[in-house]
Amino acid sequence: MLRLEKRPAPARGWIIGAPILAVLLTMVAGGLMFALLGKDPAESIRVIFWDPLFDDRFAGFSRPQLLVKAGPLILIAIGLSLGFRAGIWNIGAEGQYIIGAICGAGFGLAFFPSENPLIFPGMIIAGALGGWAWAMIPAILRTRFRTNEILVSLLLVYVAEAILATAATGFLRNPDGAGFPGSRNLARHPGTDNPEIFAGTGVHWGVMTAFIAVIAACVLLNRHILGYQIKLAGQAPRAARFAGVNAARLIILCLGISGAVAGMAGLFEVAGPAGQISIDFNSGYGFTAIIVAFLGRLHPVGILLAGLLMALTFIGGELAQLMLGVPAPAIQAFQGMLLFFLLALDVLSNYQVRIGYRTAA
Amino acid sequence: MADHSWRVKFMGLILFIVAGIVAWVAAIEPNRNTCPNQGDHKMNPTFKRIARAVAGALLALGLAAPVAAQDDPFHVGFVYVGPVGDYGWTWTHDQGRQAVEEAYGDKVHTTYVESVPEGADAERVMTQMILNGADMIFTTSFGYMDATNNVAARFPDVVFEHATGYRRDHPNVATYSARFYEGRAVMGHIAGHMTESNIVGYIASHPIPEVIRGINAAYLHAAQVNPDVEFRIVWVYTWFDPAVEADAAQALVDAGADVVLQHTDSTAPMTVLAEAGAYGFGQASDMLQFAPAPRISAILDQWSAYYVRRVGEAMEGTWEQADTWDGISAGMVGIGKMTDAIPPEVRASAMALLDSIASGEYHPFTGPINTQDGQVWLTAGETPEDGPLAGMEFYVEGIDAEIPN
């Protein structure tokens, strides 16, 4: 009989090994699914994981796109991971992302058609403040009225989506757009655009900020008292209280930071790759980032790699759709398998599998 | 002092990884014909050599994918905003794609990517389609407008057909849309006859000209046959959300509506109407599973004829940029079978209206029509230009409601 025995400390080897094994298992199970759909499994896996990176036709385009797609995922996930480590569950990054984009875009459009170089930095600040303010709603409701931040932050996503639709068809609508929904294009207007910093790499300011956030999170978690408090609050809430960690302050800070970076991610997206506020501007980055945060085991470097892997499955998944006719839901199932196997294998780093019956002590 | 050396090494490692990723992305040799940022691409030659060596080694290991053979058939790509199984907007476009396959057989090869978010993702999908050999791309949502034009600028040899947009920045971009208001006029005519409570419900998606125009067309023709008719309009701010649509339908039924028109794609309102004993109309697809009641007719999106024609033109090299706005006459808008729930004389008068629109004899917006605030919009016998009609942002006189914002 199989049984699980808790390890005294997480096994080092499995921490690294589990994600790799999870990817391999996903390939096997995913391959099986593709085979059942009548597609060549080996070819499907190759198209998803290999072609975007190394195929002659696609790589030149797909590699920079990998960073464009991964940038917001990494940035949001880094912010979320701080709260998740402390046991503070911000599920509404999607809403903070939307509000950040609206505030940032609104700031930029308020000065239209000015091309002042100070506008873009102002937009970034406005975006961060917007996301921060949106995250403060669940934070304050939690600290003052003990509401559940999971529910409040999640439900605020739907409020944010309604505001987004109003913005796209109302107060931010392009006056020259013949009545059609959508704001002016920010990416095509000097001063409000978020351009590529290094031509041909896809690295815009949002991707750069994501990289900086990875490093900042490492420093925070390893060297700063706040990082220590975050880890302590997550691992031993009672001990944290005795150690004088102010739980309310931690909630405000963690939700605030994750909201602000999600807001910034929204701003970078609306001023760069997306270009404009539209009715369906948000495309799930805030929710996918939750997966990325856990896929990266809430570790900054892990998140960096997980974000890139997730972006790869998106880009490769699209290639599989158009080259092999794999349906989109199969790709989503494939991504789901990845998360499933990773979380399932997580058990192995914390528990040991023993065969045989427990012997009486 | 604590020993921080491992931390320094750790930070170094992170920086190294980040730098490595950026450098690796920059390392690929851009294909002159297809790389979006050709020209301004500068690279350290040493670095390039290393990258090439690594790539070469990988190739030598036989890991690199074989390059697919050049496609002989004409390659047409479709970018869809929803799933092909939505039995609504995207499904109708996919019917068009299948019609293209049927019409040209082996001479065409079609591909599609479904549920593509608008914005950066759409741009990437289009580019990948082209790198995969697409000669022509249909982008089937308004929100793909900027993305379509951006990609079109980079690939002048590929032709683009963008649905429901208005921007044609480059000679290889055409736009097309359907005069759905013609179908809505017929729906309104039937609704005006069928309502007994004189309250007609309308589930509206987003407050944009397309939807407002539909409401106006339906109202005018309902009021034409039933001067006492009132429209109750609920805005749901979504194109497809069964739960929200069902709630809206229920609210309208509760408000006394016994006929409900919908400008959203799901069949959820039909379920509510069936329970309430009210009538409704299929949207985008036929929704025949709800016939003969509550579904008494439907407004259909029919893209097949247009897609087959345009792909044919592109294959022959006679394709030209155009701004197409076709209606019932060209078959782009259809009216689903009217069921026996509609009295025969109403069916006959609806058919007569349909025929007069199809023949071009009658325009659904024929004056005198006033705007909601009583100002003259069209004088007797006047019909609107397409421009103002496309940007319609006001209700006509008689609608007792306000457009949001």
# chains A, B, ... in the order shown; residues from 1 in each chain; ligands from 1
$ select_by_dssp --residues "range 107-272 of chain B" --states "helix (DSSP H, G or I)" --output "MDAnalysis selection string"
chainID B and resid 107 120:131 142:154 180:194 209:225 242:254 268:272
$ residues_around --residues "range 148-165 of chain A" --least-positions-apart "3" --cutoff "7 Å" --atoms "only C-alpha atoms" --output "PDB file with C-alpha atoms, in the first residue's frame"
ATOM      1  CA  TRP A  89      -5.173  36.099  -1.585  1.00  0.00           C
ATOM      2  CA  ASN A  90      -5.569  38.754  -4.226  1.00  0.00           C
ATOM      3  CA  ILE A  91      -7.567  36.994  -6.943  1.00  0.00           C
ATOM      4  CA  GLY A  92      -8.598  40.253  -8.603  1.00  0.00           C
ATOM      5  CA  GLU A  94      -7.435  41.272 -13.616  1.00  0.00           C
ATOM      6  CA  GLY A  95      -9.538  44.129 -12.242  1.00  0.00           C
ATOM      7  CA  ILE A  98      -8.023  47.020 -16.106  1.00  0.00           C
ATOM      8  CA  ILE A  99      -8.292  49.993 -13.767  1.00  0.00           C
ATOM      9  CA  PRO A 138     -10.550  44.641  -0.661  1.00  0.00           C
ATOM     10  CA  ALA A 139      -7.630  45.591   1.599  1.00  0.00           C
ATOM     11  CA  ARG A 142     -10.631  43.154   5.007  1.00  0.00           C
ATOM     12  CA  ALA A 168     -14.465  52.274 -24.306  1.00  0.00           C
ATOM     13  CA  THR A 169     -17.923  53.362 -25.384  1.00  0.00           C
ATOM     14  CA  ILE A 279     -14.417  46.874 -24.666  1.00  0.00           C
TER      15      ILE A 279
ATOM     16  CA  TYR B 237     -22.497  45.079 -21.963  1.00  0.00           C
TER      17      TYR B 237
END
$ closest_residue --among "A:Ser283, A:Thr143, A:Thr288, A:Ser114" --to "Ile252 in chain A" --atoms "only C-alpha atoms"
A:Thr143
$ residues_around --residues "Pro19 in chain A" --least-positions-apart "5" --cutoff "10 Å" --atoms "only C-alpha atoms" --output "ChimeraX atom specification"
/A:14,24-25,295-297,302,306,338-339,341-343,345-346
$ residues_around --residues "Pro175 in chain A" --least-positions-apart "4" --cutoff "9 Å" --atoms "only C-alpha atoms" --output "PyMOL selection string"
chain A and resi 179+183-184
$ residues_around --residues "range 258-264 of chain B" --least-positions-apart "2" --cutoff "7 Å" --atoms "only C-alpha atoms" --output "VMD selection string"
chain B and resid 191 195 197 199 to 205 239 to 240 253 256 266 278 to 281 283
$ write_last_selection --atoms "C-alpha atoms" --output "PDB file, in the first residue's frame"
ATOM      1  CA  ALA B 191     -42.796  42.064 -33.158  1.00  0.00           C
ATOM      2  CA  THR B 195     -47.159  41.832 -29.070  1.00  0.00           C
ATOM      3  CA  SER B 197     -49.080  43.824 -24.128  1.00  0.00           C
ATOM      4  CA  ILE B 199     -44.349  46.087 -24.735  1.00  0.00           C
ATOM      5  CA  VAL B 200     -41.419  44.782 -26.758  1.00  0.00           C
ATOM      6  CA  GLY B 201     -38.226  43.940 -24.922  1.00  0.00           C
ATOM      7  CA  TYR B 202     -34.774  44.420 -26.405  1.00  0.00           C
ATOM      8  CA  ILE B 203     -31.596  42.866 -25.042  1.00  0.00           C
ATOM      9  CA  ALA B 204     -28.861  45.213 -26.233  1.00  0.00           C
ATOM     10  CA  SER B 205     -25.157  44.433 -25.989  1.00  0.00           C
ATOM     11  CA  TRP B 239     -21.965  39.908 -26.715  1.00  0.00           C
ATOM     12  CA  PHE B 240     -22.186  36.503 -25.144  1.00  0.00           C
ATOM     13  CA  VAL B 253     -40.667  39.542 -19.175  1.00  0.00           C
ATOM     14  CA  GLY B 256     -44.524  42.999 -19.240  1.00  0.00           C
ATOM     15  CA  SER B 266     -26.593  33.019 -26.647  1.00  0.00           C
ATOM     16  CA  ALA B 278     -43.259  34.970 -24.827  1.00  0.00           C
ATOM     17  CA  TYR B 279     -41.811  35.206 -28.326  1.00  0.00           C
ATOM     18  CA  GLY B 280     -38.272  35.865 -29.501  1.00  0.00           C
ATOM     19  CA  PHE B 281     -36.014  35.796 -32.547  1.00  0.00           C
ATOM     20  CA  GLN B 283     -29.733  35.871 -33.458  1.00  0.00           C
TER      21      GLN B 283
END
